[in-house]
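Reproduced below: upload10.txt, with compact mmCIF, C-alpha atoms.
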```
# COMPACT_ATOMS: atom_id res chain seq x y z
CA MET A 1 13.59 26.43 3.89
CA LYS A 2 10.99 26.40 6.66
CA LYS A 3 9.89 23.09 8.09
CA MET A 4 6.88 21.68 6.24
CA THR A 5 3.99 19.65 7.55
CA SER A 6 3.88 16.06 6.34
CA MET A 7 1.03 16.96 3.98
CA GLU A 8 2.97 19.85 2.47
CA ARG A 9 6.09 17.71 2.17
CA VAL A 10 4.33 14.85 0.41
CA LEU A 11 2.40 17.11 -1.98
CA CYS A 12 5.60 18.95 -2.87
CA ALA A 13 7.42 15.68 -3.61
CA LEU A 14 4.50 14.39 -5.68
CA SER A 15 4.69 17.62 -7.70
CA HIS A 16 8.28 16.68 -8.59
CA LYS A 17 9.74 19.49 -6.51
CA GLU A 18 12.13 19.32 -3.60
CA PRO A 19 10.49 19.82 -0.18
CA ASP A 20 12.40 20.52 3.05
CA ARG A 21 13.37 16.86 3.24
CA VAL A 22 12.57 13.54 1.63
CA PRO A 23 9.15 12.29 2.82
CA PHE A 24 9.05 8.77 4.14
CA PHE A 25 6.22 6.33 4.73
CA LEU A 26 6.66 3.73 7.43
CA LEU A 27 3.82 1.25 7.03
CA PRO A 28 3.91 -0.61 10.37
CA THR A 29 0.45 -2.13 10.28
CA MET A 30 1.14 -4.59 13.10
CA HIS A 31 3.56 -2.56 15.19
CA GLY A 32 0.67 -0.64 16.73
CA ALA A 33 -0.15 -3.83 18.65
CA ARG A 34 3.40 -3.94 20.01
CA GLU A 35 3.22 -0.25 20.90
CA LEU A 36 0.04 -0.87 22.91
CA GLY A 37 1.17 -4.23 24.33
CA LEU A 38 -1.71 -6.14 22.73
CA PRO A 39 -1.97 -9.46 20.87
CA LEU A 40 -2.67 -8.87 17.18
CA ALA A 41 -6.19 -10.35 17.35
CA ASP A 42 -7.12 -7.99 20.19
CA TYR A 43 -5.49 -5.02 18.49
CA PHE A 44 -7.44 -5.45 15.24
CA ALA A 45 -10.69 -6.16 17.08
CA SER A 46 -11.14 -2.45 17.78
CA ALA A 47 -10.85 0.60 15.53
CA ARG A 48 -9.90 2.55 18.63
CA ASN A 49 -6.80 0.39 19.11
CA VAL A 50 -5.69 0.86 15.51
CA VAL A 51 -6.21 4.61 15.75
CA GLU A 52 -4.20 4.89 18.94
CA GLY A 53 -1.47 2.56 17.71
CA GLN A 54 -0.99 4.30 14.39
CA TRP A 55 -1.12 7.75 15.98
CA ARG A 56 1.53 6.86 18.55
CA LEU A 57 3.80 5.33 15.91
CA GLN A 58 3.57 8.41 13.69
CA ARG A 59 4.38 10.65 16.66
CA ARG A 60 7.26 8.38 17.68
CA PHE A 61 9.00 7.96 14.32
CA GLY A 62 7.90 11.11 12.49
CA HIS A 63 6.97 9.41 9.23
CA ASP A 64 4.80 11.30 6.80
CA CYS A 65 1.55 9.33 6.74
CA LEU A 66 -1.07 7.68 8.88
CA PHE A 67 -1.93 4.16 7.72
CA PRO A 68 -5.29 2.83 9.00
CA PHE A 69 -4.95 -0.35 6.93
CA PHE A 70 -5.90 -3.35 9.11
CA TYR A 71 -4.96 -6.41 7.00
CA ALA A 72 -5.52 -7.50 3.40
CA ALA A 73 -7.90 -10.29 4.38
CA VAL A 74 -10.39 -7.74 5.73
CA GLU A 75 -11.69 -7.41 2.16
CA VAL A 76 -12.60 -11.08 1.81
CA GLU A 77 -13.83 -11.04 5.40
CA ALA A 78 -16.42 -8.58 4.08
CA TRP A 79 -17.48 -11.28 1.57
CA GLY A 80 -17.95 -13.82 4.37
CA ALA A 81 -14.50 -15.40 4.67
CA LYS A 82 -13.01 -16.32 8.01
CA VAL A 83 -9.76 -14.71 9.09
CA ILE A 84 -6.98 -16.59 10.86
CA PHE A 85 -4.90 -14.64 13.38
CA THR A 86 -1.35 -15.52 14.36
CA GLU A 87 0.89 -14.16 17.09
CA ASP A 88 3.55 -12.60 14.89
CA GLY A 89 2.28 -12.09 11.36
CA PRO A 90 -0.52 -10.58 9.32
CA PRO A 91 -3.96 -12.18 9.59
CA SER A 92 -4.69 -14.48 6.67
CA CYS A 93 -7.72 -15.94 4.91
CA GLY A 94 -9.38 -19.18 5.90
CA GLU A 95 -11.11 -21.42 3.38
CA PRO A 96 -11.78 -19.80 -0.04
CA ILE A 97 -15.23 -18.27 -0.38
CA ILE A 98 -15.38 -19.49 -4.01
CA ALA A 99 -15.18 -23.26 -4.13
CA SER A 100 -15.97 -23.64 -7.84
CA PRO A 101 -16.29 -21.39 -10.92
CA GLU A 102 -20.03 -22.11 -11.01
CA GLU A 103 -20.47 -20.13 -7.79
CA ILE A 104 -19.22 -16.94 -9.42
CA SER A 105 -22.50 -16.36 -11.28
CA ARG A 106 -24.27 -16.00 -7.93
CA LEU A 107 -21.79 -13.61 -6.32
CA GLU A 108 -22.98 -10.19 -5.19
CA PRO A 109 -20.48 -7.63 -3.91
CA PRO A 110 -20.81 -6.46 -0.30
CA ARG A 111 -21.30 -2.76 0.38
CA ALA A 112 -18.66 -1.11 2.53
CA ARG A 113 -21.19 0.73 4.67
CA ASP A 114 -23.05 -2.51 5.43
CA SER A 115 -20.00 -4.59 6.35
CA ALA A 116 -18.91 -4.79 10.00
CA PRO A 117 -15.22 -5.49 9.17
CA LEU A 118 -15.03 -2.60 6.72
CA LEU A 119 -16.94 -0.25 9.02
CA LYS A 120 -14.14 -0.70 11.58
CA VAL A 121 -11.63 0.50 9.00
CA LEU A 122 -13.84 3.46 8.06
CA THR A 123 -14.14 4.37 11.74
CA ALA A 124 -10.34 4.32 12.07
CA ILE A 125 -9.90 6.47 8.95
CA ARG A 126 -12.42 9.01 10.23
CA ALA A 127 -10.77 9.23 13.65
CA LEU A 128 -7.23 9.57 12.27
CA ALA A 129 -8.32 12.21 9.77
CA ASP A 130 -9.91 14.16 12.64
CA ARG A 131 -6.69 13.97 14.64
CA ALA A 132 -4.45 14.83 11.70
CA GLN A 133 -6.39 18.01 10.85
CA GLY A 134 -5.01 17.99 7.32
CA GLU A 135 -1.36 18.03 8.43
CA VAL A 136 -0.60 14.32 7.83
CA PRO A 137 -1.93 12.27 4.88
CA VAL A 138 -4.24 9.41 5.80
CA ILE A 139 -3.69 6.57 3.34
CA GLY A 140 -6.50 4.21 2.35
CA VAL A 141 -6.01 0.86 0.64
CA VAL A 142 -7.89 -1.34 -1.81
CA VAL A 143 -6.85 -4.68 -3.26
CA SER A 144 -7.36 -4.63 -7.01
CA PRO A 145 -10.18 -6.66 -8.57
CA PHE A 146 -7.51 -8.54 -10.48
CA SER A 147 -5.56 -9.51 -7.33
CA LEU A 148 -8.43 -10.08 -4.89
CA PRO A 149 -9.31 -13.56 -6.32
CA VAL A 150 -6.04 -14.93 -4.91
CA MET A 151 -7.75 -14.61 -1.52
CA GLN A 152 -11.27 -15.38 -2.78
CA MET A 153 -10.47 -18.71 -4.40
CA GLY A 154 -6.77 -19.52 -4.06
CA PHE A 155 -3.89 -18.84 -6.42
CA SER A 156 -3.93 -22.06 -8.45
CA ALA A 157 -7.69 -22.07 -8.95
CA TYR A 158 -7.61 -18.43 -9.98
CA LEU A 159 -4.89 -18.98 -12.59
CA ASP A 160 -6.92 -21.87 -14.00
CA LEU A 161 -9.98 -19.63 -14.13
CA MET A 162 -8.10 -16.94 -16.05
CA ILE A 163 -7.01 -19.36 -18.73
CA GLU A 164 -9.83 -21.91 -18.90
CA ARG A 165 -13.02 -20.05 -17.94
CA PRO A 166 -12.99 -16.59 -19.56
CA ASP A 167 -16.72 -16.00 -19.01
CA SER A 168 -16.46 -16.74 -15.30
CA PHE A 169 -13.30 -14.63 -15.11
CA GLU A 170 -15.09 -11.64 -16.64
CA ARG A 171 -18.05 -12.06 -14.28
CA LEU A 172 -15.71 -12.19 -11.27
CA MET A 173 -13.90 -9.06 -12.44
CA ALA A 174 -17.22 -7.23 -12.84
CA VAL A 175 -18.38 -7.91 -9.27
CA ASN A 176 -14.90 -7.23 -7.88
CA GLU A 177 -14.68 -3.92 -9.74
CA GLU A 178 -18.01 -2.83 -8.30
CA PHE A 179 -16.82 -3.72 -4.81
CA CYS A 180 -13.42 -2.07 -5.25
CA VAL A 181 -14.85 1.28 -6.42
CA ASP A 182 -17.40 1.34 -3.61
CA TRP A 183 -14.76 0.47 -0.99
CA ALA A 184 -12.29 3.06 -2.25
CA ASN A 185 -14.85 5.84 -2.36
CA ALA A 186 -16.17 4.95 1.09
CA GLN A 187 -12.64 5.42 2.46
CA LEU A 188 -12.27 8.76 0.73
CA ALA A 189 -15.64 9.88 2.09
CA ALA A 190 -14.49 8.89 5.59
CA GLY A 191 -11.45 11.16 5.30
CA ALA A 192 -8.70 9.24 3.50
CA THR A 193 -6.39 11.58 1.60
CA ALA A 194 -5.62 9.07 -1.14
CA ILE A 195 -6.06 5.43 -2.08
CA VAL A 196 -3.27 2.93 -2.69
CA TYR A 197 -4.34 0.40 -5.32
CA PHE A 198 -2.55 -2.85 -4.47
CA ASP A 199 -2.19 -5.05 -7.54
CA PRO A 200 0.59 -7.63 -7.22
CA VAL A 201 -0.93 -9.99 -9.80
CA SER A 202 -0.48 -7.34 -12.51
CA SER A 203 3.24 -7.16 -11.76
CA THR A 204 5.64 -8.95 -14.05
CA THR A 205 6.68 -11.09 -11.10
CA ILE A 206 3.31 -12.86 -11.42
CA VAL A 207 2.14 -12.53 -15.04
CA PRO A 208 3.92 -11.66 -18.30
CA PRO A 209 3.62 -8.02 -19.41
CA GLU A 210 1.41 -9.03 -22.35
CA MET A 211 -1.10 -10.68 -20.03
CA ALA A 212 -1.08 -7.72 -17.66
CA ARG A 213 -1.85 -5.43 -20.60
CA ARG A 214 -4.81 -7.62 -21.59
CA THR A 215 -6.21 -8.11 -18.11
CA GLY A 216 -5.02 -6.40 -14.94
CA LEU A 217 -4.01 -3.04 -16.38
CA PRO A 218 -7.26 -2.35 -18.30
CA ILE A 219 -9.13 -3.33 -15.14
CA ALA A 220 -6.98 -0.88 -13.15
CA ARG A 221 -7.73 1.86 -15.68
CA ARG A 222 -11.47 1.33 -15.37
CA VAL A 223 -11.45 1.21 -11.59
CA ILE A 224 -9.08 4.11 -10.96
CA SER A 225 -11.09 6.33 -13.30
CA LYS A 226 -14.10 5.83 -10.98
CA ILE A 227 -12.29 6.53 -7.71
CA ASP A 228 -13.09 10.00 -6.44
CA GLY A 229 -9.61 10.97 -5.31
CA PRO A 230 -5.88 10.57 -5.94
CA CYS A 231 -4.46 7.07 -6.25
CA GLY A 232 -1.13 5.31 -6.13
CA PHE A 233 -0.22 1.96 -7.68
CA HIS A 234 1.46 -0.69 -5.53
CA PRO A 235 2.65 -4.08 -6.82
CA ALA A 236 3.41 -5.34 -3.28
CA SER A 237 7.03 -6.33 -4.02
CA GLY A 238 6.31 -7.23 -7.65
CA ARG A 239 8.48 -6.02 -10.51
CA ILE A 240 7.17 -3.26 -12.79
CA LEU A 241 10.05 -1.86 -14.85
CA SER A 242 8.78 -3.23 -18.15
CA ILE A 243 5.25 -1.87 -17.53
CA VAL A 244 6.14 1.56 -16.08
CA ASP A 245 4.71 3.28 -19.16
CA ASP A 246 1.45 1.38 -18.76
CA ILE A 247 1.21 2.30 -15.08
CA ALA A 248 1.87 5.96 -15.89
CA GLU A 249 -1.09 5.89 -18.27
CA LEU A 250 -3.33 5.04 -15.30
CA GLU A 251 -2.73 8.64 -14.16
CA VAL A 252 -1.69 7.62 -10.67
CA ALA A 253 0.36 10.01 -8.56
CA VAL A 254 2.95 7.44 -7.49
CA THR A 255 4.06 3.87 -8.04
CA ALA A 256 5.88 1.63 -5.61
CA VAL A 257 9.10 -0.08 -6.69
CA SER A 258 10.29 -3.61 -5.91
CA VAL A 259 13.56 -4.11 -4.10
CA GLU A 260 14.44 -6.40 -7.00
CA GLU A 261 14.57 -3.44 -9.39
CA ASN A 262 16.82 -0.42 -9.75
CA LEU A 263 15.15 2.55 -8.08
CA ALA A 264 16.95 5.14 -10.18
CA GLU A 265 16.08 3.32 -13.40
CA VAL A 266 12.38 3.16 -12.54
CA LYS A 267 12.34 6.84 -11.58
CA ALA A 268 14.05 7.82 -14.83
CA LYS A 269 11.54 5.80 -16.82
CA ALA A 270 8.64 7.39 -14.93
CA ALA A 271 10.02 10.69 -16.25
CA LYS A 272 8.02 13.00 -13.96
CA ARG A 273 4.73 11.43 -15.02
CA MET A 274 4.45 9.91 -11.56
CA ALA A 275 6.56 9.80 -8.42
CA VAL A 276 8.17 6.64 -7.09
CA LEU A 277 7.92 5.07 -3.64
CA GLY A 278 10.31 2.56 -2.19
CA ASN A 279 12.19 0.41 -1.99
CA LEU A 280 13.68 -0.69 1.31
CA ASN A 281 13.84 -4.44 1.84
CA GLY A 282 11.35 -5.20 4.60
CA ILE A 283 12.46 -8.82 4.91
CA GLU A 284 16.11 -7.94 5.40
CA MET A 285 15.05 -5.06 7.66
CA ARG A 286 14.29 -7.61 10.38
CA ARG A 287 18.02 -8.19 10.78
CA TRP A 288 19.45 -4.73 10.07
CA SER A 289 21.88 -3.06 12.40
CA THR A 290 21.66 0.70 12.85
CA GLU A 291 24.53 1.10 10.40
CA GLU A 292 22.85 -1.10 7.79
CA ALA A 293 19.62 0.87 8.11
CA HIS A 294 21.47 4.15 7.59
CA GLU A 295 23.27 2.76 4.55
CA ALA A 296 20.07 1.45 2.94
CA VAL A 297 18.26 4.76 3.47
CA LYS A 298 21.18 6.74 2.14
CA GLU A 299 21.47 4.53 -0.94
CA ALA A 300 17.76 4.90 -1.78
CA ILE A 301 17.81 8.67 -1.27
CA PHE A 302 20.89 9.12 -3.42
CA ALA A 303 19.37 6.94 -6.14
CA ALA A 304 16.00 8.64 -6.48
CA ALA A 305 15.49 11.78 -4.40
CA ASP A 306 17.09 14.42 -6.64
CA GLY A 307 14.47 16.84 -7.94
CA GLY A 308 11.68 15.49 -5.72
CA GLY A 309 9.26 12.88 -7.01
CA PHE A 310 10.35 10.37 -4.38
CA ILE A 311 8.93 8.98 -1.14
CA LEU A 312 11.06 6.56 0.87
CA SER A 313 9.26 3.42 2.05
CA ASP A 314 9.58 -0.32 2.16
CA ASN A 315 8.99 -2.24 -1.05
CA HIS A 316 6.00 -4.35 0.04
CA GLY A 317 3.59 -1.96 1.70
CA GLU A 318 3.56 -3.67 5.09
CA LEU A 319 6.45 -4.04 7.48
CA PRO A 320 6.98 -7.48 9.01
CA TYR A 321 6.02 -7.71 12.66
CA GLN A 322 9.59 -8.83 13.45
CA VAL A 323 11.21 -5.52 12.39
CA PRO A 324 12.53 -4.04 15.66
CA PHE A 325 11.57 -0.57 16.80
CA GLU A 326 15.29 0.22 16.89
CA VAL A 327 15.46 -0.26 13.12
CA LEU A 328 12.48 2.03 12.56
CA GLU A 329 14.18 4.66 14.72
CA ALA A 330 17.37 4.24 12.68
CA ILE A 331 15.45 4.72 9.43
CA SER A 332 13.86 7.88 10.79
CA ASP A 333 17.23 9.21 11.96
CA ALA A 334 18.81 8.41 8.60
CA VAL A 335 16.11 10.31 6.69
CA ILE A 336 16.77 13.37 8.87
CA ARG A 337 20.52 13.00 8.30
CA TRP A 338 20.58 12.27 4.57
CA GLY A 339 17.21 13.45 3.28
CA ARG A 340 17.39 17.20 3.78
CA TYR A 341 17.29 19.25 0.60
CA PRO A 342 19.55 20.21 -1.05
CA LEU A 343 20.90 16.69 -0.71
CA GLU A 344 24.34 16.40 0.83
CA LYS A 345 25.96 13.59 -1.09
CA GLU A 346 29.22 12.02 -0.08
CA PRO A 347 32.11 12.49 -2.55
```

As C-alpha cells:
Amino acid sequence: MKKMTSMERVLCALSHKEPDRVPFFLLPTMHGARELGLPLADYFASARNVVEGQWRLQRRFGHDCLFPFFYAAVEVEAWGAKVIFTEDGPPSCGEPIIASPEEISRLEPPRARDSAPLLKVLTAIRALADRAQGEVPVIGVVVSPFSLPVMQMGFSAYLDLMIERPDSFERLMAVNEEFCVDWANAQLAAGATAIVYFDPVSSTTIVPPEMARRTGLPIARRVISKIDGPCGFHPASGRILSIVDDIAELEVAVTAVSVEENLAEVKAKAAKRMAVLGNLNGIEMRRWSTEEAHEAVKEAIFAAADGGGFILSDNHGELPYQVPFEVLEAISDAVIRWGRYPLEKEP
C-alpha cells in the first residue's frame, strides 16, 4: 500500500477501513513552548508561537494532526475571567465569573470574532490550515455547555445549581449552548477540519448515566446538530462504557476512551457506528522508559486497530508538560513498528 497523507490516513480509519498504518494523535499543547525555548505564558501570548510550535512538533514526531488548542481556560477568558499561568502546567482559571446563581440571568455569551483570546486561536487555526494544505487535519476544540460551568462557577457550586436551581441551570445551559455553537463554527470557518467536543461532566466518572441522559447528552445532541462540520466526543479521561450507545446516537465520528476502561470492549460496543481514540496513560507517560512506551503502544494497537476505526492517542486530550520528548519519539517509533497494516501481531 502506498504511503498516505495524514488526512487520507485519518479519513480511512474513521471509515472503519485499514489505512497504511494506524493514525496517531499526539496532543502536546504545551510542548511547543519547550520546542521554542519559551515560558508557557510567553508561548501562549502569541498565535505565531503556537503555530510554529505545533508545526515543528508535527514535523518532528510525525503524528497525524495539528492541534491549535491553547488551553481550556481560554473559553472563560473570553467571558472575562483571569487566567493563571504556571511554569510547568496548563493555564488555569482565576476567580469564578459567576459568584451567585442570580448573576446567571444577566449573562450574555461572548462572540468568538469579538474576543481577543479567541481571535488568537482562530489566527493559529487559519495559519496551520494554510501550512497543512489539506494534508494534515487541523483539530479544533470546544468545551461542552454542560462542562464549561466547572470553570465559570466552580465544581461544587455548579453541582448545587444542577440539583437546587433548575431554572438557573437551564438559563446557563442556553447561553453556554449559544456560545459553544458560535465558537465551534468560527473555528471551522477559520480552517479547522473537525471539532472535538470535550464533555467530561457527562462521563460516568462525574455523573451517573441516568443524569447524563437527562442533562449533558441531550445538550450535546442539540449543540452538535448545529455545528457545521464533523465532531468527535471526548470525556477527558472520564469513563463512557455504559453510555457508548448514547454517544453513538450523537452521530460523532469518534469517541475518546478512558485509560480506566477496556479499549477493545469500547470499540466492540461502538460497533462501527463511530471510531475510538485512545487510550495511552498520559500521567504514567511522564515516567515511561522507551520499552514501556513501545509496550503501551503495541497493547493499544493490538486491542483496537484491527479493521480500522482506531486512532492512537492519550486518554485525556492534553499531554502533561512533564512528558519527555524521548517518550514522544518512542511512541512515534512504536506506531511505525507495530501499526503498519496488515498488523503484525506477536504469537

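For the pair CA of Ser6 (chain A) and CA of Pro23 (chain A), the separation is 7.4 Å.
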
* Could you tell me which of A:Val323, A:Leu263, A:Ala78, A:Ile97 comes closest to Pro117 (chain A) if we count all atoms listed in the file? =>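 Once distances to Pro117 (chain A) are computed over all atoms listed in the file, the minimum belongs to A:Ala78.
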
* To do: Within 12 Å of Asp114 (chain A), counting all atoms listed in the file, which residues show up once you throw out same-chain ones fewer than 6 positions away? Write them as a ChimeraX atom specification, please.
  => /A:78-79,120,122,182-183,186

* **Nearest residue to Ala127 (chain A) from the set A:Arg287, A:Arg48, A:Arg106, A:Arg213 (distances using only C-alpha atoms)** =>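 Under the stated criterion, the closest residue is A:Arg48.
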
* Asked: From the set A:Ser156, A:Ser168, A:Thr255, A:Ser237, which residue has the shortest atom-to-atom contact distance to Gly309 (chain A), counting all atoms listed in the file?
  -> A:Thr255

* Structure fact -> What separates CA of Val50 (chain A) and CA of Ala81 (chain A) is a distance of 21.4 Å

* Distance of CA of Gly238 (chain A) from CA of Gly339 (chain A), expressed in Å to one decimal place ->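 If I compute the distance from CA of Gly339 (chain A) to CA of Gly238 (chain A), I get 25.8 Å.
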
* Asked: Counting only C-alpha atoms, what is within 12 Å of Pro166 (chain A), bar same-chain residues fewer than 6 positions away, as a list in words?
  ->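 Residues meeting the cut-off are Pro101, Ile104, Tyr158, Leu159, Asp160, Leu172, Met173 and Thr215 of chain A.
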
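Minimum distance to Val196 (chain A) across A:Val83, A:Ile240, A:Ala271, A:Val143 (counting all atoms listed in the file) occurs at A:Val143.
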
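Among A:Gly37, A:Pro230, A:Pro145, A:Pro109, the residue with the shortest atom-to-atom distance to Ser202 (chain A), counting all atoms listed in the file, is A:Pro145.
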
* Nearest residue to Ala330 (chain A) from the set A:Glu295, A:Glu18, A:Glu249, A:Glu103 (distances using all atoms listed in the file) ->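 Looking at the shortest contact to Ala330 (chain A), the residue is A:Glu295.
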